[in-house]
file upload.cif (mmCIF, C-alpha atoms and all ligand atoms)
data_work
#
loop_
_atom_site.label_atom_id
_atom_site.label_comp_id
_atom_site.auth_asym_id
_atom_site.auth_seq_id
_atom_site.Cartn_x
_atom_site.Cartn_y
_atom_site.Cartn_z
CA MET A 12 75.98 47.62 104.44
CA GLU A 13 77.74 50.32 102.46
CA THR A 14 77.53 49.74 98.71
CA ARG A 15 80.45 51.03 96.63
CA LEU A 16 79.61 52.33 93.12
CA LEU A 17 82.91 52.08 91.26
CA PRO A 18 84.01 52.79 87.68
CA ALA A 19 84.88 49.52 85.94
CA ILE A 20 88.65 50.14 85.74
CA PRO A 21 91.09 47.21 86.15
CA GLU A 22 91.87 47.80 89.86
CA ASN A 23 88.15 47.89 90.71
CA ILE A 24 87.47 44.77 88.64
CA ALA A 25 90.26 43.05 90.62
CA LEU A 26 88.65 44.20 93.89
CA ALA A 27 85.26 42.96 92.66
CA ALA A 28 86.77 39.55 91.81
CA GLU A 29 88.20 39.27 95.35
CA THR A 30 84.74 40.19 96.71
CA ILE A 31 83.12 37.41 94.64
CA LYS A 32 85.75 34.90 95.83
CA ALA A 33 85.07 35.91 99.45
CA GLY A 34 81.33 35.20 99.07
CA GLY A 35 80.22 38.79 98.37
CA LEU A 36 77.81 40.30 95.86
CA VAL A 37 78.91 42.37 92.86
CA ALA A 38 76.65 43.99 90.27
CA PHE A 39 78.33 44.22 86.87
CA PRO A 40 77.43 45.19 83.30
CA THR A 41 76.77 42.60 80.63
CA GLU A 42 75.67 43.28 77.04
CA THR A 43 72.04 42.55 78.00
CA VAL A 44 71.32 44.14 81.42
CA TYR A 45 73.31 44.53 84.67
CA GLY A 46 73.73 41.27 86.57
CA LEU A 47 73.96 40.67 90.32
CA GLY A 48 76.80 38.18 90.68
CA ALA A 49 77.98 35.71 93.30
CA ASN A 50 80.17 32.60 93.26
CA ALA A 51 77.86 30.03 91.63
CA LEU A 52 79.52 27.18 93.56
CA ASP A 53 78.96 28.78 97.00
CA ALA A 54 75.38 28.18 98.21
CA ASP A 55 75.66 30.82 100.96
CA ALA A 56 76.78 33.48 98.49
CA VAL A 57 73.96 32.51 96.11
CA ALA A 58 71.46 32.70 98.98
CA ARG A 59 72.49 36.33 99.45
CA ILE A 60 71.44 37.09 95.83
CA PHE A 61 67.90 35.91 96.55
CA ALA A 62 67.82 37.92 99.80
CA ALA A 63 69.13 41.15 98.20
CA LYS A 64 66.65 40.93 95.32
CA GLU A 65 63.80 39.55 97.46
CA ARG A 66 63.52 36.96 94.72
CA PRO A 67 61.59 33.71 95.30
CA THR A 68 63.94 30.73 95.34
CA ALA A 69 61.70 28.96 92.79
CA ASP A 70 63.19 31.27 90.12
CA PRO A 71 66.54 29.77 88.97
CA LEU A 72 69.66 31.81 88.13
CA ILE A 73 71.80 31.98 85.01
CA VAL A 74 75.43 30.92 85.49
CA HIS A 75 77.95 33.09 83.64
CA LEU A 76 81.26 31.71 82.33
CA SER A 77 84.37 33.35 80.88
CA GLY A 78 84.36 31.01 77.89
CA LEU A 79 83.11 27.82 76.30
CA ASP A 80 86.18 26.05 77.75
CA GLN A 81 84.69 26.54 81.25
CA LEU A 82 81.42 24.74 80.44
CA SER A 83 82.38 21.40 81.99
CA ARG A 84 82.72 23.14 85.38
CA VAL A 85 78.91 23.40 85.58
CA ALA A 86 77.39 21.25 82.80
CA ARG A 87 77.54 17.46 82.85
CA SER A 88 76.98 16.84 79.14
CA VAL A 89 76.70 19.09 76.12
CA PRO A 90 74.54 17.92 73.22
CA THR A 91 75.85 18.62 69.70
CA THR A 92 73.15 21.24 69.11
CA ALA A 93 74.25 23.12 72.23
CA GLN A 94 77.89 22.91 71.21
CA ARG A 95 77.12 24.39 67.78
CA LEU A 96 75.01 27.17 69.26
CA ALA A 97 77.65 28.02 71.85
CA GLU A 98 80.37 28.12 69.18
CA THR A 99 78.20 30.41 67.05
CA PHE A 100 76.68 32.78 69.61
CA TRP A 101 79.07 32.90 72.60
CA PRO A 102 80.04 35.30 73.89
CA GLY A 103 76.50 36.64 73.44
CA PRO A 104 72.92 36.86 74.71
CA LEU A 105 72.04 33.16 74.43
CA THR A 106 71.49 31.05 77.55
CA LEU A 107 71.53 27.26 77.17
CA VAL A 108 69.76 24.96 79.61
CA LEU A 109 71.97 21.88 80.16
CA SER A 110 72.22 18.98 82.60
CA LYS A 111 74.07 20.20 85.68
CA GLN A 112 77.16 18.99 87.48
CA PRO A 113 76.28 17.60 90.93
CA HIS A 114 78.35 20.25 92.75
CA VAL A 115 76.24 23.15 91.38
CA PRO A 116 74.11 24.10 94.42
CA ALA A 117 70.39 23.27 94.17
CA LEU A 118 69.63 26.89 95.04
CA VAL A 119 71.16 28.05 91.72
CA THR A 120 68.83 25.82 89.71
CA SER A 121 65.79 25.91 92.02
CA GLY A 122 66.24 22.20 92.57
CA LEU A 123 66.16 21.34 88.85
CA ASP A 124 68.76 18.94 87.47
CA THR A 125 69.45 21.43 84.68
CA VAL A 126 71.58 24.58 84.80
CA ALA A 127 71.21 27.68 82.63
CA VAL A 128 74.57 28.96 81.29
CA ARG A 129 75.98 31.65 79.06
CA VAL A 130 79.13 33.61 78.22
CA PRO A 131 78.39 37.35 78.28
CA ASP A 132 79.67 39.60 75.49
CA HIS A 133 80.99 42.44 77.61
CA ALA A 134 84.64 43.28 78.35
CA VAL A 135 83.95 44.10 82.03
CA ALA A 136 81.91 40.94 82.66
CA LEU A 137 84.57 38.79 80.98
CA ALA A 138 87.42 40.48 82.88
CA LEU A 139 85.56 39.89 86.17
CA LEU A 140 84.88 36.22 85.32
CA ARG A 141 88.54 35.65 84.38
CA ALA A 142 89.89 37.44 87.46
CA ALA A 143 87.58 35.51 89.83
CA ASN A 144 88.21 32.27 87.89
CA LEU A 145 84.80 31.05 89.02
CA PRO A 146 81.41 30.51 87.42
CA ILE A 147 79.28 33.49 88.51
CA ALA A 148 75.54 33.09 89.10
CA ALA A 149 73.86 36.34 88.14
CA PRO A 150 70.23 37.26 87.69
CA SER A 151 69.34 40.81 86.68
CA ALA A 152 70.45 43.32 89.33
CA ASN A 153 67.02 44.69 90.22
CA ARG A 154 64.57 44.08 93.05
CA PHE A 155 62.38 41.15 92.11
CA GLY A 156 59.49 42.17 89.86
CA HIS A 157 60.99 45.59 89.06
CA VAL A 158 62.22 46.71 85.66
CA SER A 159 65.65 45.24 84.85
CA PRO A 160 68.60 47.66 85.14
CA THR A 161 70.48 48.88 82.07
CA THR A 162 72.69 51.39 83.93
CA ALA A 163 74.69 51.31 87.18
CA GLN A 164 72.38 54.06 88.50
CA HIS A 165 69.36 51.77 88.02
CA VAL A 166 71.17 49.13 90.11
CA TRP A 167 71.99 51.70 92.79
CA HIS A 168 68.34 52.74 92.94
CA ASP A 169 67.17 49.17 93.55
CA LEU A 170 69.98 47.58 95.57
CA HIS A 171 72.18 50.10 97.38
CA GLY A 172 72.77 49.07 100.98
CA ARG A 173 72.24 45.40 100.08
CA ILE A 174 75.33 44.51 98.03
CA GLU A 175 79.07 45.17 98.26
CA ILE A 176 79.98 46.61 94.85
CA ILE A 177 78.39 48.00 91.69
CA LEU A 178 80.82 48.16 88.75
CA ASP A 179 79.79 51.03 86.47
CA GLY A 180 80.47 50.18 82.84
CA GLY A 181 77.92 52.57 81.29
CA ALA A 182 74.60 51.74 79.66
CA THR A 183 74.17 48.21 78.29
CA ALA A 184 73.98 47.67 74.53
CA VAL A 185 71.26 45.03 73.98
CA GLY A 186 68.89 46.17 76.71
CA VAL A 187 66.75 43.03 77.06
CA GLU A 188 67.79 39.78 78.74
CA SER A 189 69.27 36.77 76.98
CA THR A 190 67.28 34.22 75.00
CA VAL A 191 66.85 31.09 77.15
CA LEU A 192 66.88 27.90 75.06
CA ASP A 193 66.13 24.36 76.19
CA VAL A 194 68.11 22.03 73.91
CA SER A 195 66.91 18.84 75.61
CA THR A 196 63.67 18.78 73.57
CA SER A 197 63.15 18.20 69.87
CA PRO A 198 62.85 20.76 68.43
CA PRO A 199 64.73 22.92 70.96
CA ALA A 200 62.39 25.32 72.77
CA ILE A 201 62.77 29.02 73.53
CA LEU A 202 61.77 29.34 77.19
CA ARG A 203 62.28 33.10 77.13
CA PRO A 204 62.75 35.20 73.97
CA GLY A 205 65.68 37.60 74.26
CA GLY A 206 68.74 39.15 72.68
CA ILE A 207 69.32 36.42 70.06
CA PRO A 208 66.19 36.29 67.85
CA ALA A 209 64.58 32.95 66.97
CA GLU A 210 65.42 33.51 63.29
CA MET A 211 69.14 33.58 64.10
CA LEU A 212 68.93 30.30 66.05
CA GLU A 213 66.95 28.69 63.23
CA ALA A 214 69.58 29.70 60.69
CA VAL A 215 72.03 27.50 62.63
CA ILE A 216 69.99 24.56 63.96
CA GLY A 217 66.71 24.59 62.02
CA PRO A 218 63.24 24.99 63.56
CA VAL A 219 62.88 25.99 67.20
CA ALA A 220 59.68 26.05 69.22
CA VAL A 221 58.63 29.18 71.07
CA LEU A 222 56.87 28.50 74.36
CA ARG A 223 53.40 29.96 73.99
CA ARG A 224 53.79 31.57 77.40
CA SER A 225 55.71 34.37 75.75
CA LEU A 226 52.73 35.30 73.60
CA PRO A 227 50.31 37.95 74.80
CA LEU A 228 47.01 36.40 75.77
CA ASP A 229 48.27 33.05 76.93
CA GLN A 230 47.59 32.35 80.59
CA GLY A 231 49.78 29.24 80.54
CA LEU A 232 51.15 27.12 83.34
CA PRO A 233 53.55 28.42 85.94
CA SER A 234 57.01 27.02 85.33
CA PRO A 235 60.36 28.01 86.84
CA GLY A 236 61.14 31.65 86.26
CA LEU A 237 58.48 32.20 83.67
CA LEU A 238 56.38 34.35 85.90
CA GLU A 239 53.34 36.15 84.59
CA LYS A 240 54.01 39.56 86.12
CA HIS A 241 57.56 40.80 85.86
CA TYR A 242 59.65 43.74 84.66
CA ALA A 243 56.92 46.09 85.86
CA PRO A 244 57.00 49.88 86.39
CA ARG A 245 55.03 51.53 89.22
CA ALA A 246 52.59 53.31 86.92
CA ALA A 247 50.06 51.03 85.22
CA LEU A 248 51.35 50.10 81.77
CA ILE A 249 48.74 49.57 79.05
CA PHE A 250 50.08 47.65 76.06
CA PHE A 251 48.27 47.94 72.71
CA ILE A 252 48.66 45.03 70.37
CA GLY A 253 47.15 44.03 67.01
CA PRO A 254 46.59 45.80 63.68
CA THR A 255 45.03 49.01 65.07
CA GLY A 256 47.15 49.25 68.21
CA ARG A 257 48.50 52.65 67.21
CA GLU A 258 44.99 54.13 66.79
CA ALA A 259 43.74 52.55 70.03
CA LEU A 260 46.69 54.07 71.88
CA MET A 261 45.92 57.55 70.45
CA ALA A 262 42.28 57.21 71.52
CA HIS A 263 43.33 56.13 75.02
CA LEU A 264 45.73 59.07 75.22
CA ALA A 265 42.93 61.50 74.33
CA ALA A 266 40.62 59.96 76.95
CA THR A 267 43.35 60.09 79.62
CA ARG A 268 44.03 63.77 78.87
CA ALA A 269 40.29 64.56 78.88
CA ALA A 270 40.10 63.02 82.36
CA GLY A 271 42.86 65.38 83.51
CA ARG A 272 45.45 62.62 83.95
CA ARG A 273 49.05 62.51 82.71
CA ALA A 274 50.01 59.82 80.22
CA GLY A 275 53.57 58.76 79.41
CA VAL A 276 54.21 56.98 76.12
CA LEU A 277 57.14 54.83 75.03
CA ALA A 278 57.32 55.62 71.33
CA MET A 279 59.36 54.98 68.22
CA ASP A 280 60.66 58.19 66.63
CA GLU A 281 58.10 58.04 63.82
CA ASP A 282 55.21 58.14 66.34
CA ALA A 283 56.69 60.74 68.71
CA PRO A 284 55.52 64.05 67.13
CA ALA A 285 51.83 63.06 66.96
CA LEU A 286 51.96 61.79 70.56
CA ALA A 287 53.57 64.98 71.82
CA ARG A 288 50.86 67.03 70.04
CA GLY A 289 48.33 64.79 71.82
CA GLY A 290 49.74 65.92 75.18
CA ALA A 291 51.73 62.81 76.11
CA VAL A 292 55.01 62.77 78.03
CA VAL A 293 57.02 61.00 75.32
CA TYR A 294 60.09 58.82 75.79
CA ARG A 295 61.69 58.19 72.40
CA LEU A 296 62.89 54.63 71.86
CA GLY A 297 64.63 55.32 68.55
CA ALA A 298 64.01 54.28 64.98
CA ASP A 299 64.61 50.51 64.90
CA LEU A 300 64.08 47.39 67.06
CA ASN A 301 67.68 47.34 68.33
CA SER A 302 67.18 50.83 69.66
CA VAL A 303 63.74 50.00 71.10
CA ALA A 304 65.21 47.04 73.03
CA ARG A 305 68.21 49.09 74.20
CA HIS A 306 66.06 51.91 75.60
CA LEU A 307 62.93 50.04 76.72
CA TYR A 308 63.77 49.58 80.43
CA ALA A 309 65.38 53.02 80.81
CA GLY A 310 62.19 54.44 79.27
CA LEU A 311 59.93 52.63 81.76
CA ARG A 312 62.05 53.84 84.67
CA TRP A 313 62.20 57.40 83.28
CA LEU A 314 58.44 57.65 82.78
CA ASP A 315 57.91 56.31 86.32
CA ALA A 316 60.24 59.04 87.60
CA GLN A 317 58.13 61.69 85.79
CA GLY A 318 55.21 60.62 87.98
CA VAL A 319 52.83 59.93 85.08
CA ASP A 320 49.50 58.31 85.94
CA VAL A 321 49.65 55.75 83.19
CA ILE A 322 52.21 54.48 80.65
CA LEU A 323 51.11 53.55 77.12
CA CYS A 324 53.02 51.58 74.51
CA ARG A 325 52.15 49.85 71.24
CA ASP A 326 53.42 46.50 70.01
CA PHE A 327 56.37 46.32 67.58
CA GLY A 328 55.66 42.94 65.97
CA THR A 329 57.31 39.53 66.40
CA GLY A 330 60.19 39.73 63.91
CA GLY A 331 63.75 39.75 65.28
CA LEU A 332 63.93 41.42 68.69
CA GLY A 333 60.20 42.22 68.42
CA LEU A 334 59.29 38.94 70.13
CA ALA A 335 61.45 39.67 73.19
CA ILE A 336 60.15 43.25 73.34
CA ARG A 337 56.54 41.98 73.19
CA ASP A 338 57.27 39.41 75.90
CA ARG A 339 58.69 42.03 78.30
CA LEU A 340 55.92 44.57 77.63
CA THR A 341 53.27 41.89 78.11
CA ARG A 342 54.75 40.90 81.49
CA ALA A 343 55.19 44.53 82.54
CA ALA A 344 51.63 45.45 81.54
CA ALA A 345 48.75 45.98 83.93
CA ARG A 346 46.51 45.52 80.90
CA VAL A 347 46.99 44.22 77.35
CA VAL A 348 44.54 45.71 74.82
CA GLU A 349 44.11 43.38 71.85
CA THR A 350 42.84 45.28 68.78
CA THR A 351 41.32 43.80 65.65
P1 LIG B 1 67.17 36.52 85.17
O1 LIG B 1 68.63 36.24 85.18
O2 LIG B 1 66.68 37.37 86.29
O3 LIG B 1 66.79 37.10 83.85
O4 LIG B 1 66.43 35.13 85.31
C1 LIG B 1 66.99 33.93 84.82
C2 LIG B 1 65.96 33.16 84.08
O5 LIG B 1 66.58 32.08 83.40
C3 LIG B 1 64.93 32.48 84.95
O6 LIG B 1 63.91 33.37 85.33
C4 LIG B 1 64.44 31.35 84.05
O7 LIG B 1 63.48 31.85 83.13
C5 LIG B 1 65.68 30.98 83.28
N1 LIG B 1 66.32 29.76 83.82
C6 LIG B 1 67.37 29.71 84.68
N2 LIG B 1 67.69 28.43 84.95
C7 LIG B 1 66.85 27.65 84.29
C8 LIG B 1 66.68 26.22 84.17
N3 LIG B 1 67.47 25.36 84.80
N4 LIG B 1 65.67 25.79 83.38
C9 LIG B 1 64.87 26.66 82.73
N5 LIG B 1 64.99 28.01 82.78
C10 LIG B 1 65.96 28.50 83.55
MG MG B 2 65.42 39.28 86.07
#
call {"tool": "encode", "arguments": {"input": "upload.cif", "output": "structure tokens"}}
result
Amino acid sequence: METRLLPAIPENIALAAETIKAGGLVAFPTETVYGLGANALDADAVARIFAAKERPTADPLIVHLSGLDQLSRVARSVPTTAQRLAETFWPGPLTLVLSKQPHVPALVTSGLDTVAVRVPDHAVALALLRAANLPIAAPSANRFGHVSPTTAQHVWHDLHGRIEIILDGGATAVGVESTVLDVSTSPPAILRPGGIPAEMLEAVIGPVAVLRRSLPLDQGLPSPGLLEKHYAPRAALIFFIGPTGREALMAHLAATRAAGRRAGVLAMDEDAPALARGGAVVYRLGADLNSVARHLYAGLRWLDAQGVDVILCRDFGTGGLGLAIRDRLTRAAARVVETT
């Protein structure tokens, strides 16, 4: 199949909407990462998402809507907590897990009786959803297990020849996936930390639980979509966590160089000069957590493209977006080094 990489101008968004309605696959930008979309109510179209990504069908998809007013098309009931969160954070990077309408295909939800839904905060995604006038199931537009795409070029690299259209709307702003929240438990539980930090949810609904699976050393139980190894680059990523993570990373860099191997480092601006002096190939993530999240996946892909032997990164804490960043780096890592 020939994949068309098209600028996200109105006529191409209209073409993409027709493609979705006809059962095709369209990759499109959201504020988090690029999504690979299909008509969420068409099981055959959804099956093509799993085939294109080589994604196991046990990993359920997020259904995207053009607005809160569309929620009843896929969700059977909406608890008050969910309603308040949706009113506060939609459009935005918060996914709510709700009881599903019977006509949502089992493939979308991996056979669960719940459906994950959100309204993306991106003009192109919203225009596509409105033009198609359908709920669109869309996981990240990467091959399964690869780093999620934050540009149309990343999508092309992973999926060209497998999907009809890639709408190019530039680099995404948030850079990590949405927060997935289960509101059926008390307190509500974060199943996956993401673009809306726990603190922001708590300011609206009070305490939320964070599934321990998102923390570094937890081996945990397999549950839908919360797979251990994910978001991984080709080169082995070593993730340094704990109070002396920075020093342990520097020591590892020196040892790697001494062994004649090339080390890439994902670094905040403040750490970059010392790392460059230490002989690392440095990818600068910026000066704050928003910037780290925005550039994290592009950095992993860029360092892979440099052909480094190993990629090193330190932890950035658990405040705000730090928790989502830690979660992704932990899953991407070949090894987590816990310092004391
Ligand atoms: P992706 O869109 O590739 O980031 O993956 C979507 C993720 O949303 C899955 O991997 C799950 O973690 C989560 N998810 C989707 N549907 C459900 C559901 N019904 N219950 C719990 N988590 C879900
Ligand atoms: Mg994904």
call {"tool": "residues_near_point", "arguments": {"input": "upload.cif", "point": "(52.0, 50.9, 89.9)", "cutoff": "9 Å", "atoms": "only C-alpha atoms", "output": "list in words"}}
result
Ala243, Pro244, Arg245, Ala246, Ala247, Leu248, Asp315, Asp320, Val321 and Ala345 of chain A
call {"tool": "closest_residue", "arguments": {"input": "upload.cif", "among": "A:Ala62, A:Leu192, A:Ile174, A:Ala136", "to": "ligand LIG 1 (chain B)", "atoms": "all atoms listed in the file"}}
result
A:Leu192
call {"tool": "residues_near_ligand", "arguments": {"input": "upload.cif", "ligand": "ligand MG 2 (chain B)", "cutoff": "12 Å", "atoms": "only C-alpha atoms and all ligand atoms", "output": "VMD selection string"}}
result
chain A and resid 43 to 47 60 to 61 64 to 67 70 to 73 149 to 161 187 to 189 203 205 236 to 238 240 to 243 308 339 342
call {"tool": "write_last_selection", "arguments": {"input": "upload.cif", "atoms": "C-alpha atoms", "output": "mmCIF file, in the coordinates of the input"}}
result
data_model
loop_
_atom_site.group_PDB
_atom_site.id
_atom_site.type_symbol
_atom_site.label_atom_id
_atom_site.label_comp_id
_atom_site.auth_asym_id
_atom_site.auth_seq_id
_atom_site.Cartn_x
_atom_site.Cartn_y
_atom_site.Cartn_z
ATOM 1 C CA THR A 43 72.040 42.550 78.000
ATOM 2 C CA VAL A 44 71.320 44.140 81.420
ATOM 3 C CA TYR A 45 73.310 44.530 84.670
ATOM 4 C CA GLY A 46 73.730 41.270 86.570
ATOM 5 C CA LEU A 47 73.960 40.670 90.320
ATOM 6 C CA ILE A 60 71.440 37.090 95.830
ATOM 7 C CA PHE A 61 67.900 35.910 96.550
ATOM 8 C CA LYS A 64 66.650 40.930 95.320
ATOM 9 C CA GLU A 65 63.800 39.550 97.460
ATOM 10 C CA ARG A 66 63.520 36.960 94.720
ATOM 11 C CA PRO A 67 61.590 33.710 95.300
ATOM 12 C CA ASP A 70 63.190 31.270 90.120
ATOM 13 C CA PRO A 71 66.540 29.770 88.970
ATOM 14 C CA LEU A 72 69.660 31.810 88.130
ATOM 15 C CA ILE A 73 71.800 31.980 85.010
ATOM 16 C CA ALA A 149 73.860 36.340 88.140
ATOM 17 C CA PRO A 150 70.230 37.260 87.690
ATOM 18 C CA SER A 151 69.340 40.810 86.680
ATOM 19 C CA ALA A 152 70.450 43.320 89.330
ATOM 20 C CA ASN A 153 67.020 44.690 90.220
ATOM 21 C CA ARG A 154 64.570 44.080 93.050
ATOM 22 C CA PHE A 155 62.380 41.150 92.110
ATOM 23 C CA GLY A 156 59.490 42.170 89.860
ATOM 24 C CA HIS A 157 60.990 45.590 89.060
ATOM 25 C CA VAL A 158 62.220 46.710 85.660
ATOM 26 C CA SER A 159 65.650 45.240 84.850
ATOM 27 C CA PRO A 160 68.600 47.660 85.140
ATOM 28 C CA THR A 161 70.480 48.880 82.070
ATOM 29 C CA VAL A 187 66.750 43.030 77.060
ATOM 30 C CA GLU A 188 67.790 39.780 78.740
ATOM 31 C CA SER A 189 69.270 36.770 76.980
ATOM 32 C CA ARG A 203 62.280 33.100 77.130
ATOM 33 C CA GLY A 205 65.680 37.600 74.260
ATOM 34 C CA GLY A 236 61.140 31.650 86.260
ATOM 35 C CA LEU A 237 58.480 32.200 83.670
ATOM 36 C CA LEU A 238 56.380 34.350 85.900
ATOM 37 C CA LYS A 240 54.010 39.560 86.120
ATOM 38 C CA HIS A 241 57.560 40.800 85.860
ATOM 39 C CA TYR A 242 59.650 43.740 84.660
ATOM 40 C CA ALA A 243 56.920 46.090 85.860
ATOM 41 C CA TYR A 308 63.770 49.580 80.430
ATOM 42 C CA ARG A 339 58.690 42.030 78.300
ATOM 43 C CA ARG A 342 54.750 40.900 81.490
#
call {"tool": "closest_atom_pairs", "arguments": {"input": "upload.cif", "of": "region 144-203 of chain A", "to": "region 21-28 of chain A", "cutoff": "10 Å", "atoms": "only C-alpha atoms", "output": "JSON lines"}}
result
{"residue": "A:Asn144", "atom": "CA", "partner": "A:Ala28", "partner_atom": "CA", "distance": 8.4}
{"residue": "A:Leu145", "atom": "CA", "partner": "A:Ala28", "partner_atom": "CA", "distance": 9.2}
{"residue": "A:Glu175", "atom": "CA", "partner": "A:Ala27", "partner_atom": "CA", "distance": 8.6}
{"residue": "A:Ile176", "atom": "CA", "partner": "A:Ala27", "partner_atom": "CA", "distance": 6.8}
{"residue": "A:Ile177", "atom": "CA", "partner": "A:Ala27", "partner_atom": "CA", "distance": 8.6}
{"residue": "A:Leu178", "atom": "CA", "partner": "A:Ile24", "partner_atom": "CA", "distance": 7.5}
{"residue": "A:Asp179", "atom": "CA", "partner": "A:Asn23", "partner_atom": "CA", "distance": 9.9}
call {"tool": "write_last_selection", "arguments": {"input": "upload.cif", "atoms": "C-alpha atoms", "output": "PDB file, in the coordinates of the input"}}
result
ATOM      1  CA  ASN A 144      88.210  32.270  87.890  1.00  0.00           C
ATOM      2  CA  LEU A 145      84.800  31.050  89.020  1.00  0.00           C
ATOM      3  CA  GLU A 175      79.070  45.170  98.260  1.00  0.00           C
ATOM      4  CA  ILE A 176      79.980  46.610  94.850  1.00  0.00           C
ATOM      5  CA  ILE A 177      78.390  48.000  91.690  1.00  0.00           C
ATOM      6  CA  LEU A 178      80.820  48.160  88.750  1.00  0.00           C
ATOM      7  CA  ASP A 179      79.790  51.030  86.470  1.00  0.00           C
TER       8      ASP A 179
END
call {"tool": "closest_residue", "arguments": {"input": "upload.cif", "among": "A:Ser77, A:Leu296, A:Leu137, A:Ser195", "to": "ligand LIG 1 (chain B)", "atoms": "all atoms listed in the file"}}
result
A:Ser195
call {"tool": "atom_distance", "arguments": {"input": "upload.cif", "atom1": "CA of Ile207 (chain A)", "atom2": "CA of Leu96 (chain A)"}}
result
10.9 Å
call {"tool": "closest_residue", "arguments": {"input": "upload.cif", "among": "A:Leu311, A:Ala148, A:Leu139, A:Ala316", "to": "ligand LIG 1 (chain B)", "atoms": "only C-alpha atoms and all ligand atoms"}}
result
A:Ala148
call {"tool": "closest_residue", "arguments": {"input": "upload.cif", "among": "A:Lys32, A:Arg346, A:His263, A:His75", "to": "ligand LIG 1 (chain B)", "atoms": "only C-alpha atoms and all ligand atoms"}}
result
A:His75
call {"tool": "closest_residue", "arguments": {"input": "upload.cif", "among": "A:Val194, A:Ala19, A:Ile252, A:Val185", "to": "Ala304 (chain A)", "atoms": "all atoms listed in the file"}}
result
A:Val185
call {"tool": "closest_residue", "arguments": {"input": "upload.cif", "among": "A:Asp132, A:Glu213, A:Asp299, A:Asp193", "to": "ligand LIG 1 (chain B)", "atoms": "only C-alpha atoms and all ligand atoms"}}
result
A:Asp193
call {"tool": "atom_distance", "arguments": {"input": "upload.cif", "atom1": "CA of Leu36 (chain A)", "atom2": "CA of Leu314 (chain A)"}}
result
29.1 Å
call {"tool": "atom_distance", "arguments": {"input": "upload.cif", "atom1": "CA of Leu307 (chain A)", "atom2": "CA of Leu340 (chain A)"}}
result
8.9 Å
call {"tool": "residues_around", "arguments": {"input": "upload.cif", "residues": "region 50-55 of chain A", "least_positions_apart": "6", "cutoff": "8 Å", "atoms": "only C-alpha atoms", "output": "mmCIF file with C-alpha atoms, keeping the file's coordinate frame"}}
result
data_model
loop_
_atom_site.group_PDB
_atom_site.id
_atom_site.type_symbol
_atom_site.label_atom_id
_atom_site.label_comp_id
_atom_site.auth_asym_id
_atom_site.auth_seq_id
_atom_site.Cartn_x
_atom_site.Cartn_y
_atom_site.Cartn_z
ATOM 1 C CA ILE A 31 83.120 37.410 94.640
ATOM 2 C CA LYS A 32 85.750 34.900 95.830
ATOM 3 C CA GLY A 34 81.330 35.200 99.070
ATOM 4 C CA VAL A 74 75.430 30.920 85.490
ATOM 5 C CA HIS A 114 78.350 20.250 92.750
ATOM 6 C CA VAL A 115 76.240 23.150 91.380
ATOM 7 C CA PRO A 116 74.110 24.100 94.420
ATOM 8 C CA LEU A 118 69.630 26.890 95.040
ATOM 9 C CA VAL A 119 71.160 28.050 91.720
ATOM 10 C CA LEU A 145 84.800 31.050 89.020
ATOM 11 C CA PRO A 146 81.410 30.510 87.420
ATOM 12 C CA ILE A 147 79.280 33.490 88.510
ATOM 13 C CA ALA A 148 75.540 33.090 89.100
#
call {"tool": "decode", "arguments": {"input": "upload.cif", "residues": "region 167-182 of chain A", "atoms": "C-alpha atoms", "output": "PDB file, in the first residue's frame"}}
result
ATOM      1  CA  TRP A 167       6.515   7.473   8.364  1.00  0.00           C
ATOM      2  CA  HIS A 168       9.589   5.650   9.644  1.00  0.00           C
ATOM      3  CA  ASP A 169       7.494   3.085  11.533  1.00  0.00           C
ATOM      4  CA  LEU A 170       4.354   2.678   9.404  1.00  0.00           C
ATOM      5  CA  HIS A 171       4.815   3.722   5.772  1.00  0.00           C
ATOM      6  CA  GLY A 172       3.386   1.128   3.412  1.00  0.00           C
ATOM      7  CA  ARG A 173       0.924  -0.034   6.084  1.00  0.00           C
ATOM      8  CA  ILE A 174      -1.548   2.850   6.373  1.00  0.00           C
ATOM      9  CA  GLU A 175      -3.380   5.158   3.956  1.00  0.00           C
ATOM     10  CA  ILE A 176      -2.575   8.664   5.226  1.00  0.00           C
ATOM     11  CA  ILE A 177      -0.274  10.508   7.618  1.00  0.00           C
ATOM     12  CA  LEU A 178      -1.448  14.060   8.372  1.00  0.00           C
ATOM     13  CA  ASP A 179       1.595  16.215   9.145  1.00  0.00           C
ATOM     14  CA  GLY A 180       0.775  18.813  11.780  1.00  0.00           C
ATOM     15  CA  GLY A 181       4.335  19.368  13.051  1.00  0.00           C
ATOM     16  CA  ALA A 182       5.876  18.225  16.319  1.00  0.00           C
TER      17      ALA A 182
END
